[in-house]
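Source file: input.txt; contents: compact mmCIF, C-alpha atoms and all ligand atoms.
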```
# COMPACT_ATOMS: atom_id res chain seq x y z
CA MET A 27 104.03 129.87 123.20
CA ASN A 28 100.84 131.38 124.45
CA THR A 29 98.60 132.60 121.72
CA ALA A 30 95.47 134.56 122.38
CA TRP A 31 92.55 133.79 120.19
CA LEU A 32 89.83 136.34 119.56
CA SER A 33 86.33 135.23 118.98
CA THR A 34 83.03 136.83 118.30
CA SER A 35 80.25 134.43 117.86
CA LYS A 36 78.91 133.81 114.41
CA CYS A 37 75.55 134.49 115.87
CA HIS A 38 75.79 138.10 116.96
CA SER A 39 74.40 140.84 114.81
CA PHE A 40 76.81 142.77 112.73
CA HIS A 41 77.02 145.74 114.97
CA SER A 42 77.94 143.73 117.99
CA PHE A 43 80.04 141.52 115.74
CA LEU A 44 82.77 144.10 115.73
CA PHE A 45 82.74 144.89 119.40
CA LEU A 46 81.65 141.88 121.33
CA PHE A 47 84.56 139.59 121.52
CA VAL A 48 85.89 137.18 124.02
CA VAL A 49 89.51 136.37 124.55
CA PHE A 50 90.44 132.74 125.07
CA SER A 51 93.88 131.43 125.57
CA LEU A 52 94.90 128.61 123.34
CA PRO A 53 96.45 125.54 124.84
CA LEU A 54 99.86 124.74 123.39
CA PRO A 55 99.31 123.66 119.81
CA SER A 56 99.72 119.93 119.51
CA LEU A 57 102.60 118.46 117.57
CA GLN A 58 100.12 117.62 114.93
CA ALA A 59 99.77 121.14 113.62
CA SER A 60 103.36 121.08 112.49
CA PHE A 61 103.37 117.38 111.65
CA PHE A 62 101.26 117.83 108.53
CA GLY A 63 102.71 120.86 106.86
CA LYS A 64 102.27 122.51 103.55
CA ARG A 65 102.58 120.26 100.55
CA THR A 66 102.40 120.65 96.82
CA LEU A 67 99.08 119.98 95.17
CA PRO A 68 99.28 118.75 91.58
CA SER A 69 97.12 120.64 89.08
CA LEU A 70 94.55 118.73 87.07
CA THR A 71 94.84 119.06 83.30
CA SER A 72 92.19 121.05 81.47
CA LYS A 73 90.75 117.81 80.12
CA GLU A 74 90.47 116.41 83.65
CA ILE A 75 88.84 119.62 84.80
CA SER A 76 86.30 119.51 82.01
CA ILE A 77 85.37 115.93 82.93
CA LEU A 78 84.87 116.97 86.56
CA THR A 79 82.85 120.06 85.79
CA THR A 80 80.34 118.25 83.63
CA THR A 81 80.02 114.77 85.18
CA PRO A 82 77.82 114.37 87.06
CA ASP A 83 75.68 117.42 86.26
CA PRO A 84 76.80 119.98 88.87
CA LEU A 85 73.31 121.38 89.33
CA LYS A 86 71.06 118.40 89.76
CA ASN A 87 71.84 117.86 93.43
CA LEU A 88 71.49 121.55 94.25
CA ASP A 89 68.33 122.54 92.43
CA PRO A 90 65.88 123.33 95.24
CA HIS A 91 62.99 123.37 92.74
CA ASN A 92 63.58 119.73 91.93
CA PRO A 93 61.95 117.78 94.78
CA ALA A 94 64.32 114.86 94.14
CA SER A 95 67.48 116.93 94.67
CA HIS A 96 69.61 116.53 97.78
CA LEU A 97 69.02 120.17 98.58
CA ALA A 98 65.22 119.89 98.43
CA LYS A 99 65.33 117.00 100.92
CA ILE A 100 67.41 119.02 103.39
CA LEU A 101 65.65 122.37 102.94
CA ILE A 102 62.99 121.90 105.62
CA PRO A 103 62.79 123.09 109.24
CA ARG A 104 65.13 120.66 111.07
CA ALA A 105 65.78 121.80 114.61
CA PRO A 106 67.28 119.10 116.87
CA GLU A 107 64.98 116.38 118.26
CA THR A 108 62.24 116.87 115.68
CA ASP A 109 60.94 114.36 113.15
CA ASN A 110 62.17 116.54 110.30
CA HIS A 111 65.65 116.56 111.82
CA THR A 112 65.61 112.75 111.95
CA PHE A 113 64.37 112.66 108.36
CA VAL A 114 67.27 114.83 107.17
CA ARG A 115 69.82 112.83 109.14
CA ASN A 116 68.48 109.58 107.73
CA TYR A 117 68.55 111.05 104.24
CA ILE A 118 72.22 111.98 104.59
CA VAL A 119 73.06 108.57 106.06
CA SER A 120 71.21 106.56 103.42
CA THR A 121 72.66 108.61 100.56
CA LEU A 122 76.20 107.94 101.75
CA LYS A 123 75.53 104.30 102.67
CA ALA A 124 74.30 103.74 99.13
CA LEU A 125 77.73 104.94 97.96
CA ASN A 126 79.37 102.47 100.31
CA TRP A 127 80.75 104.95 102.82
CA HIS A 128 81.32 103.89 106.41
CA ILE A 129 78.85 105.71 108.69
CA ASP A 130 79.30 106.50 112.34
CA GLU A 131 76.36 108.15 114.08
CA ASP A 132 77.76 109.87 117.13
CA GLN A 133 74.81 110.16 119.49
CA PHE A 134 74.87 111.99 122.83
CA THR A 135 72.75 114.18 125.06
CA ASP A 136 73.58 117.59 126.42
CA VAL A 137 71.85 120.17 128.55
CA THR A 138 70.56 123.23 126.70
CA PRO A 139 68.76 126.32 128.03
CA ILE A 140 65.47 124.67 127.01
CA GLY A 141 66.22 121.32 128.62
CA GLN A 142 68.10 118.14 127.84
CA LYS A 143 68.40 117.37 124.13
CA ARG A 144 69.62 114.45 122.10
CA PHE A 145 72.05 115.15 119.26
CA THR A 146 73.66 113.02 116.56
CA ASN A 147 76.68 113.96 114.48
CA VAL A 148 76.97 112.02 111.24
CA VAL A 149 80.51 110.98 110.32
CA ALA A 150 80.96 109.38 106.90
CA THR A 151 84.32 107.97 105.87
CA LYS A 152 85.15 106.52 102.49
CA ASP A 153 87.97 104.32 103.76
CA PRO A 154 87.93 103.84 107.53
CA SER A 155 91.19 101.86 107.38
CA ALA A 156 93.18 104.78 105.96
CA SER A 157 95.69 106.20 108.39
CA ARG A 158 94.95 109.86 107.66
CA ARG A 159 92.03 111.90 106.53
CA VAL A 160 90.90 115.28 105.34
CA VAL A 161 87.60 116.32 106.88
CA LEU A 162 85.00 118.35 105.02
CA SER A 163 82.21 119.52 107.29
CA ALA A 164 79.06 121.60 107.78
CA HIS A 165 76.20 121.60 110.27
CA PHE A 166 72.91 119.94 109.33
CA ASP A 167 70.64 121.24 112.11
CA SER A 168 68.61 124.39 111.52
CA LYS A 169 68.15 127.03 114.18
CA TYR A 170 65.38 126.41 116.70
CA PHE A 171 62.70 129.07 117.07
CA PRO A 172 59.93 128.45 119.60
CA THR A 173 56.98 130.06 117.83
CA TYR A 174 55.24 130.33 114.49
CA PRO A 175 56.12 131.62 111.94
CA HIS A 176 59.81 131.67 112.90
CA ASN A 177 59.80 127.94 113.57
CA GLN A 178 59.47 127.53 109.81
CA PHE A 179 63.09 128.70 109.41
CA VAL A 180 64.88 126.42 106.93
CA GLY A 181 68.43 127.82 106.99
CA ALA A 182 69.02 127.61 103.23
CA THR A 183 72.54 129.02 103.42
CA ASP A 184 72.77 127.98 107.10
CA SER A 185 73.68 125.23 106.22
CA ALA A 186 71.36 123.28 103.93
CA ALA A 187 73.25 124.28 100.78
CA PRO A 188 76.70 123.33 102.16
CA CYS A 189 75.32 119.91 103.22
CA ALA A 190 73.92 119.33 99.72
CA MET A 191 77.30 120.34 98.22
CA MET A 192 79.01 117.75 100.41
CA LEU A 193 76.67 115.02 99.18
CA ASP A 194 77.31 116.11 95.60
CA LEU A 195 81.04 115.93 96.21
CA ALA A 196 80.74 112.44 97.69
CA GLU A 197 78.85 111.27 94.60
CA THR A 198 81.33 112.88 92.23
CA LEU A 199 84.49 111.64 93.91
CA ASN A 200 83.18 108.22 94.91
CA PRO A 201 84.23 106.31 91.78
CA LEU A 202 87.64 108.00 91.83
CA LEU A 203 88.20 107.17 95.49
CA GLU A 204 87.13 103.58 94.86
CA SER A 205 89.36 103.13 91.87
CA ARG A 206 92.30 104.45 93.86
CA MET A 207 91.53 102.20 96.83
CA LYS A 208 91.50 99.25 94.49
CA GLN A 209 94.82 100.21 92.94
CA PHE A 210 96.31 100.67 96.37
CA GLN A 211 95.13 97.21 97.41
CA ASP A 212 96.44 95.71 94.19
CA GLY A 213 99.82 97.27 94.87
CA LEU A 214 99.62 99.47 91.78
CA GLU A 215 99.62 102.74 93.62
CA ASP A 216 103.13 103.71 94.59
CA ASP A 217 102.48 107.15 96.00
CA ASP A 218 101.87 105.64 99.43
CA ASP A 219 101.61 108.80 101.34
CA ILE A 220 98.60 110.20 99.56
CA ALA A 221 96.98 106.93 98.59
CA ASP A 222 96.61 106.21 102.28
CA MET A 223 94.58 109.35 102.90
CA THR A 224 90.81 109.27 102.83
CA LEU A 225 87.97 111.78 102.66
CA GLN A 226 85.71 112.09 105.66
CA LEU A 227 82.49 114.10 105.73
CA VAL A 228 81.22 115.38 109.06
CA PHE A 229 77.66 116.68 109.41
CA PHE A 230 77.59 118.42 112.77
CA ASP A 231 74.44 118.49 114.87
CA GLY A 232 73.50 121.26 117.31
CA GLU A 233 75.61 124.04 115.86
CA GLU A 234 72.93 126.63 116.53
CA ALA A 235 72.25 128.20 119.92
CA PHE A 236 68.80 127.50 121.36
CA VAL A 237 68.68 130.92 122.99
CA ASP A 238 71.77 133.14 122.75
CA TRP A 239 75.13 132.08 121.43
CA THR A 240 77.45 131.35 124.35
CA ASP A 241 80.25 128.87 125.00
CA THR A 242 77.74 126.38 126.37
CA ASP A 243 74.77 127.21 124.15
CA SER A 244 76.21 126.56 120.67
CA ILE A 245 78.22 123.98 118.67
CA TYR A 246 77.01 121.06 120.80
CA GLY A 247 78.00 118.48 118.21
CA ALA A 248 81.43 119.88 117.42
CA ARG A 249 82.33 120.21 121.10
CA HIS A 250 81.29 116.61 121.71
CA LEU A 251 83.13 115.16 118.71
CA ALA A 252 86.38 117.08 119.25
CA GLU A 253 86.47 115.96 122.87
CA LYS A 254 85.69 112.35 121.96
CA TRP A 255 88.31 112.18 119.20
CA SER A 256 90.97 113.76 121.38
CA THR A 257 90.56 110.92 123.89
CA THR A 258 90.15 108.04 121.42
CA TYR A 259 93.50 106.33 120.92
CA ILE A 260 93.93 104.59 117.62
CA GLN A 261 95.24 101.11 117.05
CA PRO A 262 98.93 100.86 116.21
CA HIS A 263 99.29 100.46 112.47
CA ASN A 264 102.50 100.14 110.53
CA LYS A 265 101.65 103.13 108.39
CA ARG A 266 101.00 105.08 111.51
CA ARG A 267 104.44 104.54 112.96
CA LEU A 268 105.22 108.19 112.42
CA MET A 269 102.26 109.24 114.48
CA GLY A 270 103.77 108.10 117.77
CA LEU A 271 102.42 105.73 120.36
CA HIS A 272 99.66 107.87 121.70
CA ALA A 273 98.06 109.00 118.49
CA THR A 274 94.42 109.92 118.82
CA GLU A 275 91.63 110.06 116.25
CA LEU A 276 92.10 113.80 116.25
CA SER A 277 95.76 113.57 115.32
CA THR A 278 94.97 111.72 112.09
CA ILE A 279 93.10 114.72 110.66
CA GLU A 280 95.29 116.51 108.14
CA HIS A 281 92.92 119.47 107.78
CA LEU A 282 89.38 120.23 108.82
CA ILE A 283 87.54 122.27 106.21
CA LEU A 284 84.32 123.86 107.45
CA LEU A 285 81.66 125.22 105.10
CA ASP A 286 79.03 127.63 106.40
CA LEU A 287 76.61 130.29 105.15
CA LEU A 288 77.11 129.52 101.46
CA GLY A 289 74.69 129.62 98.53
CA ALA A 290 73.81 133.33 98.32
CA PRO A 291 75.32 135.40 95.47
CA GLN A 292 78.83 136.89 95.55
CA PRO A 293 80.04 135.72 98.98
CA LEU A 294 83.35 136.96 100.34
CA ILE A 295 85.63 134.44 102.01
CA ARG A 296 88.65 135.30 104.11
CA SER A 297 91.76 133.40 104.99
CA TYR A 298 91.69 133.27 108.79
CA TYR A 299 94.78 131.25 109.63
CA LEU A 300 98.40 131.61 108.63
CA ASP A 301 98.91 127.84 108.86
CA THR A 302 96.40 127.24 106.10
CA ALA A 303 97.02 130.35 103.99
CA TRP A 304 98.66 128.07 101.41
CA LEU A 305 95.54 125.89 101.27
CA PHE A 306 93.36 128.99 100.92
CA ASP A 307 95.62 130.04 98.02
CA ALA A 308 95.19 126.60 96.47
CA MET A 309 91.41 127.10 96.50
CA VAL A 310 91.81 130.57 94.99
CA SER A 311 93.93 129.03 92.25
CA VAL A 312 91.21 126.47 91.51
CA GLU A 313 88.66 129.27 91.27
CA ARG A 314 90.88 131.27 88.92
CA ARG A 315 91.52 128.36 86.57
CA LEU A 316 87.85 127.44 86.48
CA GLY A 317 86.74 131.04 85.98
CA ASP A 318 89.23 131.65 83.18
CA SER A 319 88.19 128.42 81.45
CA GLY A 320 84.57 129.57 81.24
CA ALA A 321 83.31 126.79 83.50
CA PHE A 322 81.35 129.21 85.72
CA THR A 323 79.20 130.47 82.86
CA TYR A 324 75.77 129.03 83.29
CA ASP A 325 72.61 129.65 81.34
CA LYS A 326 72.61 133.28 80.17
CA GLU A 327 74.49 134.45 83.23
CA LYS A 328 77.16 136.83 81.90
CA GLY A 329 78.57 137.91 85.24
CA MET A 330 80.57 134.70 85.55
CA ALA A 331 82.06 134.64 82.05
CA PRO A 332 85.85 134.69 81.61
CA GLY A 333 87.04 138.25 82.08
CA SER A 334 84.00 139.36 84.06
CA TRP A 335 83.71 136.97 87.02
CA ARG A 336 84.76 138.32 90.40
CA SER A 337 86.53 136.22 92.97
CA TYR A 338 84.74 134.88 96.06
CA PHE A 339 87.99 135.12 98.00
CA ARG A 340 89.37 138.25 99.57
CA PRO A 341 92.98 139.01 98.74
CA ARG A 342 95.15 138.00 101.66
CA THR A 343 96.62 140.94 103.46
CA GLY A 344 99.98 140.49 105.14
CA LYS A 345 98.07 140.73 108.39
CA THR A 346 96.55 137.27 108.43
CA SER A 347 97.55 135.60 111.67
CA ASN A 348 96.38 132.55 113.51
CA TYR A 349 93.62 134.61 115.14
CA GLY A 350 90.19 133.51 114.08
CA TYR A 351 87.24 135.55 115.17
CA VAL A 352 84.11 133.89 113.91
CA GLY A 353 82.86 131.31 116.41
CA ASP A 354 81.71 128.16 114.60
CA ASP A 355 82.06 124.35 114.60
CA HIS A 356 85.80 124.49 113.97
CA VAL A 357 86.62 126.11 117.30
CA PRO A 358 86.89 123.01 119.54
CA PHE A 359 89.17 121.44 116.90
CA LEU A 360 91.26 124.58 116.46
CA ARG A 361 91.81 124.77 120.19
CA ARG A 362 93.15 121.22 120.11
CA GLY A 363 95.64 122.05 117.38
CA VAL A 364 93.77 120.86 114.27
CA SER A 365 94.60 122.78 111.10
CA ILE A 366 91.49 124.63 109.89
CA LEU A 367 90.21 126.07 106.61
CA HIS A 368 87.01 128.00 107.37
CA ILE A 369 84.96 128.74 104.28
CA ILE A 370 82.26 131.11 105.51
CA ALA A 371 80.71 134.15 103.85
CA GLU A 372 81.71 137.23 105.81
CA PRO A 373 79.83 139.53 105.94
CA PHE A 374 77.12 136.95 106.55
CA PRO A 375 74.30 136.74 103.98
CA HIS A 376 71.87 139.59 104.78
CA VAL A 377 69.07 137.04 105.34
CA TRP A 378 71.03 135.41 108.16
CA HIS A 379 68.78 133.93 110.90
CA THR A 380 65.63 135.29 109.31
CA LEU A 381 62.80 133.52 107.52
CA GLN A 382 64.22 134.95 104.30
CA ASP A 383 67.09 132.47 104.50
CA ASP A 384 64.98 130.18 102.33
CA ILE A 385 64.86 129.05 98.71
CA HIS A 386 64.89 132.68 97.51
CA ALA A 387 68.21 133.40 99.21
CA LEU A 388 69.92 130.78 97.08
CA ASP A 389 71.49 131.49 93.72
CA LEU A 390 71.82 128.53 91.37
CA PRO A 391 74.89 129.72 89.43
CA THR A 392 76.62 130.46 92.75
CA MET A 393 75.89 127.01 94.18
CA ARG A 394 76.93 125.41 90.92
CA ARG A 395 80.19 127.35 91.07
CA TRP A 396 80.83 126.17 94.64
CA ASN A 397 80.28 122.60 93.51
CA LEU A 398 82.87 123.00 90.74
CA ILE A 399 85.40 124.63 93.07
CA LEU A 400 84.99 121.86 95.67
CA ARG A 401 85.22 119.09 93.09
CA VAL A 402 88.47 120.32 91.58
CA PHE A 403 89.95 121.42 94.90
CA MET A 404 89.32 118.07 96.63
CA CYS A 405 90.58 116.11 93.63
CA GLU A 406 93.81 118.07 93.63
CA TYR A 407 94.08 117.79 97.40
CA LEU A 408 93.65 114.02 97.29
CA HIS A 409 95.66 113.55 94.06
CA LEU A 410 92.69 111.94 92.33
CA ARG A 411 92.68 111.83 88.54
CA PRO A 412 89.26 112.17 86.88
CA GLY A 413 90.47 110.56 83.63
CA ASP A 414 90.99 107.32 85.55
CA LEU A 415 87.54 106.05 84.91
CA GLU A 416 87.83 106.18 81.15
CA SER A 417 91.22 104.73 80.43
CA ARG A 418 94.09 104.15 82.69
CA SER A 419 96.89 101.72 82.81
CA PRO A 420 99.10 101.58 85.87
CA SER A 421 102.23 102.33 83.92
CA LYS A 422 100.73 105.41 82.38
CA HIS A 423 99.82 106.61 85.80
CA ARG A 424 103.35 106.08 87.10
CA GLU A 425 104.88 108.19 84.37
CA ARG A 426 102.46 110.91 85.19
CA SER A 427 103.08 110.85 88.90
CA ASP A 428 106.80 110.81 88.44
CA SER A 429 106.78 113.91 86.33
CA GLU A 430 104.08 115.81 88.13
CA LEU A 431 104.51 114.86 91.73
CA ALA A 432 108.26 114.67 91.95
C1 LIG B 1 58.64 119.43 108.52
O1 LIG B 1 58.93 119.68 107.16
C2 LIG B 1 57.81 119.97 106.38
C3 LIG B 1 58.27 120.07 104.95
O2 LIG B 1 58.65 118.81 104.49
C4 LIG B 1 57.16 121.24 106.86
O3 LIG B 1 56.01 121.55 106.11
C5 LIG B 1 56.79 121.10 108.33
O4 LIG B 1 56.28 122.32 108.82
C6 LIG B 1 58.00 120.69 109.13
N1 LIG B 1 57.60 120.39 110.49
C7 LIG B 1 58.01 121.11 111.51
C8 LIG B 1 57.51 120.69 112.85
O5 LIG B 1 58.76 122.06 111.40
ZN ZN B 2 72.99 129.91 112.05
```
Please express what this file holds, its structure, as structure tokens.
Amino acid sequence: MNTAWLSTSKCHSFHSFLFLFVVFSLPLPSLQASFFGKRTLPSLTSKEISILTTTPDPLKNLDPHNPASHLAKILIPRAPETDNHTFVRNYIVSTLKALNWHIDEDQFTDVTPIGQKRFTNVVATKDPSASRRVVLSAHFDSKYFPTYPHNQFVGATDSAAPCAMMLDLAETLNPLLESRMKQFQDGLEDDDDIADMTLQLVFFDGEEAFVDWTDTDSIYGARHLAEKWSTTYIQPHNKRRLMGLHATELSTIEHLILLDLLGAPQPLIRSYYLDTAWLFDAMVSVERRLGDSGAFTYDKEKGMAPGSWRSYFRPRTGKTSNYGYVGDDHVPFLRRGVSILHIIAEPFPHVWHTLQDDIHALDLPTMRRWNLILRVFMCEYLHLRPGDLESRSPSKHRERSDSELA
């Protein structure tokens, strides 16, 4: 099979967006793409959903006016190799370390059009001993501009807000992931397959081009990490027997979900890949259930009430193929056969790569809604049960899994 893959860079203007494209040829997809296929995601009950949508408060981490919020800490100019960039990286690392996540800081240097630069991807894994993982990712660098005032660019949607959403998700799911790890260790968890899957957050460095977006001036961090993981062979592990003898770090990724350009009102998200159309549909289903339940209504905002909210997801046309065309951090993984869900507003927010992509570009009810969608979606993906923290006996859980997961 020889599939052509069309790409325009995420960083061309809209006019050129349609016309400037580059054709790459994809290497043969690895076995992995077909190894982890479509599976059934159990739906949370409405009680479980209401626990998740209220606890913890889905706004506190995303309120840019609150200087203590995750978003406020990240929403500063943070181009690579600056003190602010180090501050943001350390903030992400310390937040996740405090939740007892395993942190790997993947440091490297690369040559850019403005000289050699040092980059650091942050990889946070809840359970590094798990044999498989789902990756949720975004880039934490902001675009470099050489002169004032442009060097004050803070990239609110690009991608401060997605990074803050990831930290919120880590905080929300952390107790659920821990309680499941404990049950797994105690032998109480019998759904082996899923219980052995962990959540990994990747904060990519150097996504932005220093000058003009090209194959070598963009996605420095993603290119480095995909290459490194594709040549890192993992230790044999009895649970990994199905993975073959030469399994790499890359082959243990079930899906890579990439968030970008989110936080502005009424985004439109497309399904780019046939392989993950089912996963896209699962996210649409989460949105629909939340919207119909009234969970999106916030403050006096009427536009998100049941019956009046509009979906963030474009209906899938029959034409979806495995052709992506927005260049972004997923590309080096896609080209190595990793299954991708790319959640990016397209058209891009109108403030894209301007100084207006700041606090004013962000819409609180929209960010809150993204938080709710991600919380429920990842819980269903990972088969986590939010009621677990209140009351749960192992036998009760077994009955539930037998009926719902059979
Ligand atoms: C670093 O961030 C602060 C806000 O915390 C900002 O005022 C300052 O201009 C930034 N420094 C640089 C060099 O961008
Ligand atoms: Zn950008």
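Between atom O1 of ligand LIG 1 (chain B) and atom CA of A:Asn110 the interatomic distance comes to 5.5 Å.
Once stretch 125-140 of chain A and its same-chain neighbours fewer than 4 positions away are set aside, Arg144, Phe145, Thr146, Asn147, Val148, Val149, Ala150, Thr151 and Lys152 of chain A remain within 6 Å of it when counting all atoms listed in the file.
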Let me have all residues with an atom within 7 Å of ligand LIG 1 (chain B), counting only C-alpha atoms and all ligand atoms, laid out as a ChimeraX atom specification. /A:102-104,108,110,177-178
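With distances taken over all atoms listed in the file, A:Pro391 is the one residue among A:Pro391, A:Tyr259, A:His368, A:Ala252 lying closest to A:Gly329.
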Please tabulate, as JSON lines, the residues of stretch 56-115 of chain A that come within 12 Å of stretch 201-221 of chain A, each with its closest pair of atoms and the distance in Å to one decimal, counting only C-alpha atoms and ordering rows by chain, then residue number upward.
```
{"residue": "A:Phe62", "atom": "CA", "partner": "A:Asp219", "partner_atom": "CA", "distance": 11.5}
{"residue": "A:Arg65", "atom": "CA", "partner": "A:Ile220", "partner_atom": "CA", "distance": 10.9}
{"residue": "A:Thr66", "atom": "CA", "partner": "A:Ile220", "partner_atom": "CA", "distance": 11.5}
{"residue": "A:Leu67", "atom": "CA", "partner": "A:Ile220", "partner_atom": "CA", "distance": 10.7}
{"residue": "A:Pro68", "atom": "CA", "partner": "A:Ile220", "partner_atom": "CA", "distance": 11.7}
{"residue": "A:Leu78", "atom": "CA", "partner": "A:Leu202", "partner_atom": "CA", "distance": 10.8}
{"residue": "A:Thr81", "atom": "CA", "partner": "A:Pro201", "partner_atom": "CA", "distance": 11.5}
{"residue": "A:Pro82", "atom": "CA", "partner": "A:Pro201", "partner_atom": "CA", "distance": 11.3}
```
Which residues come within 7 Å of A:Leu282, counting all atoms listed in the file, excluding same-chain residues fewer than 6 positions away, as a ChimeraX atom specification? /A:160-162,365-367
Computed gap from atom CA of A:Pro373 to atom CA of A:Leu300 is 20.4 Å
Report as a PyMOL selection string which protein, DNA and RNA residues come within 12 Å of ligand ZN 2 (chain B), using only C-alpha atoms and all ligand atoms. chain A and resi 35-39+105+164-171+179-186+231-239+244-245+286-288+352-355+370+374-375+377-381+383
Centre and edge lengths of an axis-aligned box around all listed atoms of stretch 308-314 of chain A, with 3 Å added on each side, are to be given in Å to one decimal, as AutoDock Vina command-line options.
```
--center_x 91.9 --center_y 128.9 --center_z 92.7 --size_x 12.5 --size_y 10.8 --size_z 13.6
```
Contact check, stretch 139-225 of chain A to stretch 85-88 of chain A, at most 9 Å, counting only C-alpha atoms, closest pairs as CSV:
```
residue,atom,partner,partner_atom,distance
A:Ala187,CA,A:Leu88,CA,7.3
A:Ala190,CA,A:Leu88,CA,6.4
A:Met191,CA,A:Leu88,CA,7.1
A:Leu193,CA,A:Asn87,CA,8.0
A:Asp194,CA,A:Asn87,CA,6.1
```
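Compared by their closest atoms to A:Glu372, and using only C-alpha atoms, the residues A:Val357, A:Met192, A:Arg340, A:Asn397 rank with A:Arg340 nearest.
Atom CA of A:Glu406 lies 10.4 Å from atom CA of A:Thr71.
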For each of A:Ile260, A:Ile369, A:Thr198, A:His356, take the minimum atom-to-atom distance to A:Ile77, counting only C-alpha atoms, then give the residue where this is smallest. A:Thr198
Quick one: of A:Phe339, A:Tyr351, A:Tyr407, A:Tyr246, who's nearest to A:Pro106, counting all atoms listed in the file? A:Tyr246
